[in-house]
Amino acid sequence: MASKLLFFFAILFFSALSAFAEDNNPSLVMDYYKDTCPQAEEIIKEQVKLLYKRHKNTAFSWLRNIFHDCFVESCDASLLLDSTRRMLSEKETDRSFGMRNFRYIETIKEAVERECPGVVSCADILVLSGRDGIVALGGPHIPLKAGRRDGRKSRADILEQHLPDHNESMSVVLDRFANIGINTPGVVALLGAHSVGRTHCVKLVHRLYPEVDPQLNPDHVPHMLKKCPDPIPDPKAVQYVRNDRGTPMKLDNNYYRNILDNKGLMLVDHQLATDKRTKPYVKKMAKSQDYFFKEFSRAITILSENNPLTGTKGEIRKQCNLANKLH
């Protein structure tokens with residue numbers, strides 16, 4: 001009898017301990033700020049709309065931020081941190097070439113801080129502004145959870161281990177995405193983000209010089225050569241090619257029709273349309289924007305929930321480019 005009672009109390013103890021642990025490490029939830037800052041998500045949405053109206057290219061930045069931040073170990077706004085004497089910033093590495101408009105994240109943060117000081121994390125602002133930027137580009141509204149906290153250090157030293165490169169093999173690209181739970185149709189959908197924005201000549205001249213890549217559509221080559229006349233372009237020069245000349249400011253499935261027609265600018269675009277593992281999904285998304293949006297929404301959700309800091313981990317930064325200890 002005594003052993004049964006001991007067993008019963010042990011079960012109660014471990015159940016209570018488990019519940020305590022869960023309470024101290026809450027997962028991401030919808031409407032996370034409904035009690036602490038009810039207007040937070042509306043403020044972010046309105047700021048995104050306002051900034052997009054003034055600066056159209058901000059929406060591309062919101063979208064790229066999710067990818068570049070969340071892919072590298074955690075969705076914790078480490079991308080936004082400035083370099084220090086001891087730490088190189090992720091946003092200042094070669095792999096973040098072309099990333100810009102970080103100051104507008106700070107604009108949103110300041111608007112939220114005026115309403116609810118010290119409550120809303122930069123990590124949540126980064127993700128939720130990305131969500132609203134997708135809508136501004138004509139994409140789907142994706143319900144995303146919140147409750148992330150901010151990291152205290154940059155991950156520039158391990159960025160190469162995680163972030164797939166546009167010149168890597170499709171096997172490497174698929175493996176990198178699989179590591180965070182995104183399957184093949186999800187990869188194809190996320191790369192559909194290449195339907196908006198532009199590609200700097202630095203990233204595509206290897207397909208034009210010294211000889212034109214024979215896999216490029218010959219009708220598309222003159223335009224690319226006109227936009228990228230130099231074999232060694234100046235990284236600081238405004239030399240780029242629109243990813244999609246038909247609907248450059250719209251997130252749509254035109255990208256898939258383009259790459260099937262050999263008009264993809266980067267090597268990864270070409271591989272996506274020709275690799276036997278990805279081509280069937282490319283063709284399906286080229287035919288159905290609904291299917292593209294469905295898989296894109298699912299993949300963005302998975303990406304936005306990659307290993308977040310929650311509970312008492314991390315911090316709520318006062319300023320998005322600085323950890324609090326440096327503020």
# chains A, B, ... in the order shown; residues from 1 in each chain; ligands from 1

call {"tool": "residues_around", "arguments": {"residues": "segment 273-275 of chain A", "least_positions_apart": "2", "cutoff": "12 Å", "atoms": "only C-alpha atoms", "output": "PyMOL selection string"}}
result
chain A and resi 169-171+173-174+184+188+191-192+215+255-271+277-286

call {"tool": "select_by_dssp", "arguments": {"residues": "segment 21-127 of chain A", "states": "helix (DSSP H, G or I)", "output": "ChimeraX atom specification"}}
result
/A:21-24,40-54,58-70,78-80,90-92,94-96,102-115,122-127

call {"tool": "select_by_dssp", "arguments": {"residues": "segment 173-280 of chain A", "states": "strand (DSSP E)", "output": "number ranges by chain"}}
result
A: 198-200, 240-242

call {"tool": "write_last_selection", "arguments": {"atoms": "C-alpha atoms", "output": "short mmCIF file (atom, residue, chain, number, x, y, z; two decimals), in the first residue's frame"}}
result
data_model
loop_
_atom_site.label_atom_id
_atom_site.label_comp_id
_atom_site.auth_asym_id
_atom_site.auth_seq_id
_atom_site.Cartn_x
_atom_site.Cartn_y
_atom_site.Cartn_z
CA ARG A 198 15.37 42.32 -58.55
CA THR A 199 18.72 40.54 -58.75
CA HIS A 200 21.96 42.51 -58.69
CA TYR A 240 20.24 44.82 -61.62
CA VAL A 241 17.67 42.81 -63.55
CA ARG A 242 14.04 42.53 -62.52
#

call {"tool": "residues_around", "arguments": {"residues": "Asp31 of chain A", "least_positions_apart": "4", "cutoff": "10 Å", "atoms": "only C-alpha atoms", "output": "PDB file with C-alpha atoms, in the first residue's frame"}}
result
ATOM      1  CA  ASP A  35      -3.721  41.372 -23.313  1.00  0.00           C
ATOM      2  CA  CYS A  37      -0.518  45.229 -26.283  1.00  0.00           C
ATOM      3  CA  PRO A  38      -3.851  44.733 -28.096  1.00  0.00           C
ATOM      4  CA  ALA A  40       0.435  45.737 -31.678  1.00  0.00           C
ATOM      5  CA  GLU A  41      -0.425  43.773 -34.820  1.00  0.00           C
ATOM      6  CA  PRO A 143      -2.028  33.808 -40.033  1.00  0.00           C
ATOM      7  CA  LEU A 144       1.218  33.707 -38.041  1.00  0.00           C
ATOM      8  CA  LYS A 145       1.805  33.179 -34.347  1.00  0.00           C
ATOM      9  CA  ALA A 146       3.769  35.509 -32.075  1.00  0.00           C
ATOM     10  CA  GLY A 147       5.590  35.315 -28.770  1.00  0.00           C
TER      11      GLY A 147
END

call {"tool": "closest_atom_pairs", "arguments": {"of": "segment 161-270 of chain A", "to": "segment 88-97 of chain A", "cutoff": "12 Å", "atoms": "only C-alpha atoms", "output": "JSON lines"}}
result
{"residue": "A:Gln161", "atom": "CA", "partner": "A:Arg95", "partner_atom": "CA", "distance": 11.5}
{"residue": "A:His162", "atom": "CA", "partner": "A:Arg95", "partner_atom": "CA", "distance": 11.2}
{"residue": "A:Leu163", "atom": "CA", "partner": "A:Arg95", "partner_atom": "CA", "distance": 8.4}
{"residue": "A:Pro164", "atom": "CA", "partner": "A:Arg95", "partner_atom": "CA", "distance": 9.5}
{"residue": "A:Asp165", "atom": "CA", "partner": "A:Arg95", "partner_atom": "CA", "distance": 8.0}
{"residue": "A:His166", "atom": "CA", "partner": "A:Arg95", "partner_atom": "CA", "distance": 10.1}
{"residue": "A:Asn167", "atom": "CA", "partner": "A:Arg95", "partner_atom": "CA", "distance": 11.8}
{"residue": "A:Thr199", "atom": "CA", "partner": "A:Phe97", "partner_atom": "CA", "distance": 10.4}
{"residue": "A:His200", "atom": "CA", "partner": "A:Phe97", "partner_atom": "CA", "distance": 9.1}
{"residue": "A:Cys201", "atom": "CA", "partner": "A:Phe97", "partner_atom": "CA", "distance": 11.6}
{"residue": "A:Val202", "atom": "CA", "partner": "A:Phe97", "partner_atom": "CA", "distance": 9.5}
{"residue": "A:Lys203", "atom": "CA", "partner": "A:Phe97", "partner_atom": "CA", "distance": 9.4}
{"residue": "A:Pro235", "atom": "CA", "partner": "A:Phe97", "partner_atom": "CA", "distance": 8.7}
{"residue": "A:Lys236", "atom": "CA", "partner": "A:Phe97", "partner_atom": "CA", "distance": 10.2}

call {"tool": "write_last_selection", "arguments": {"atoms": "N, CA and C atoms", "output": "PDB file, in the first residue's frame"}}
result
ATOM      1  N   GLN A 161      26.772  27.752 -42.671  1.00  0.00           N
ATOM      2  CA  GLN A 161      26.367  26.380 -42.386  1.00  0.00           C
ATOM      3  C   GLN A 161      24.876  26.154 -42.608  1.00  0.00           C
ATOM      4  N   HIS A 162      24.113  27.228 -42.568  1.00  0.00           N
ATOM      5  CA  HIS A 162      22.654  27.098 -42.605  1.00  0.00           C
ATOM      6  C   HIS A 162      22.019  27.633 -43.883  1.00  0.00           C
ATOM      7  N   LEU A 163      22.416  28.818 -44.295  1.00  0.00           N
ATOM      8  CA  LEU A 163      21.721  29.508 -45.381  1.00  0.00           C
ATOM      9  C   LEU A 163      22.119  28.933 -46.737  1.00  0.00           C
ATOM     10  N   PRO A 164      21.168  28.431 -47.521  1.00  0.00           N
ATOM     11  CA  PRO A 164      21.516  27.907 -48.845  1.00  0.00           C
ATOM     12  C   PRO A 164      21.905  29.038 -49.797  1.00  0.00           C
ATOM     13  N   ASP A 165      22.832  28.739 -50.704  1.00  0.00           N
ATOM     14  CA  ASP A 165      23.316  29.731 -51.661  1.00  0.00           C
ATOM     15  C   ASP A 165      22.677  29.491 -53.023  1.00  0.00           C
ATOM     16  N   HIS A 166      22.534  30.563 -53.802  1.00  0.00           N
ATOM     17  CA  HIS A 166      21.860  30.447 -55.099  1.00  0.00           C
ATOM     18  C   HIS A 166      22.687  29.688 -56.137  1.00  0.00           C
ATOM     19  N   ASN A 167      23.958  29.413 -55.839  1.00  0.00           N
ATOM     20  CA  ASN A 167      24.811  28.671 -56.776  1.00  0.00           C
ATOM     21  C   ASN A 167      25.053  27.229 -56.340  1.00  0.00           C
ATOM     22  N   THR A 199      17.465  41.227 -59.040  1.00  0.00           N
ATOM     23  CA  THR A 199      18.723  40.543 -58.750  1.00  0.00           C
ATOM     24  C   THR A 199      19.876  41.413 -59.224  1.00  0.00           C
ATOM     25  N   HIS A 200      20.805  41.685 -58.327  1.00  0.00           N
ATOM     26  CA  HIS A 200      21.962  42.505 -58.694  1.00  0.00           C
ATOM     27  C   HIS A 200      22.848  41.726 -59.670  1.00  0.00           C
ATOM     28  N   CYS A 201      23.463  42.463 -60.578  1.00  0.00           N
ATOM     29  CA  CYS A 201      24.305  41.839 -61.599  1.00  0.00           C
ATOM     30  C   CYS A 201      25.440  41.008 -61.005  1.00  0.00           C
ATOM     31  N   VAL A 202      25.897  41.371 -59.814  1.00  0.00           N
ATOM     32  CA  VAL A 202      26.950  40.610 -59.143  1.00  0.00           C
ATOM     33  C   VAL A 202      26.582  39.132 -59.042  1.00  0.00           C
ATOM     34  N   LYS A 203      25.286  38.852 -58.855  1.00  0.00           N
ATOM     35  CA  LYS A 203      24.842  37.476 -58.621  1.00  0.00           C
ATOM     36  C   LYS A 203      24.543  36.687 -59.905  1.00  0.00           C
ATOM     37  N   PRO A 235      29.686  46.374 -57.030  1.00  0.00           N
ATOM     38  CA  PRO A 235      28.634  45.995 -56.083  1.00  0.00           C
ATOM     39  C   PRO A 235      27.803  47.178 -55.589  1.00  0.00           C
ATOM     40  N   LYS A 236      28.396  48.384 -55.618  1.00  0.00           N
ATOM     41  CA  LYS A 236      27.692  49.566 -55.125  1.00  0.00           C
ATOM     42  C   LYS A 236      26.881  50.260 -56.216  1.00  0.00           C
TER      43      LYS A 236
END

call {"tool": "residues_around", "arguments": {"residues": "segment 123-126 of chain A", "least_positions_apart": "4", "cutoff": "6 Å", "atoms": "only C-alpha atoms", "output": "list of chain:residue names"}}
result
A:Asp76, A:Ala77, A:Ala146, A:Arg148, A:Asp150

call {"tool": "residues_around", "arguments": {"residues": "Gln289 of chain A", "least_positions_apart": "3", "cutoff": "7 Å", "atoms": "only C-alpha atoms", "output": "PyMOL selection string"}}
result
chain A and resi 252-253+285+292-293

call {"tool": "atom_distance", "arguments": {"atom1": "atom CA of Val127 of chain A", "atom2": "atom CA of Cys70 of chain A"}}
result
8.8 Å

call {"tool": "atom_distance", "arguments": {"atom1": "atom CA of Phe177 of chain A", "atom2": "atom CA of Phe71 of chain A"}}
result
8.4 Å

call {"tool": "closest_residue", "arguments": {"among": "A:Ser83, A:Ser74, A:Ser121, A:Gln47", "to": "Cys320 of chain A", "atoms": "only C-alpha atoms"}}
result
A:Ser121

call {"tool": "closest_residue", "arguments": {"among": "A:Ile182, A:Leu208, A:Ile142, A:Ile105", "to": "Lys294 of chain A", "atoms": "only C-alpha atoms"}}
result
A:Ile142

call {"tool": "closest_residue", "arguments": {"among": "A:Arg152, A:His206, A:Lys45, A:Arg85", "to": "Ile108 of chain A", "atoms": "only C-alpha atoms"}}
result
A:Lys45

call {"tool": "atom_distance", "arguments": {"atom1": "atom CA of Ile232 of chain A", "atom2": "atom CA of Glu211 of chain A"}}
result
13.5 Å

call {"tool": "closest_residue", "arguments": {"among": "A:Ile302, A:Leu272, A:Ile316, A:Ile180", "to": "Val72 of chain A", "atoms": "only C-alpha atoms"}}
result
A:Ile180
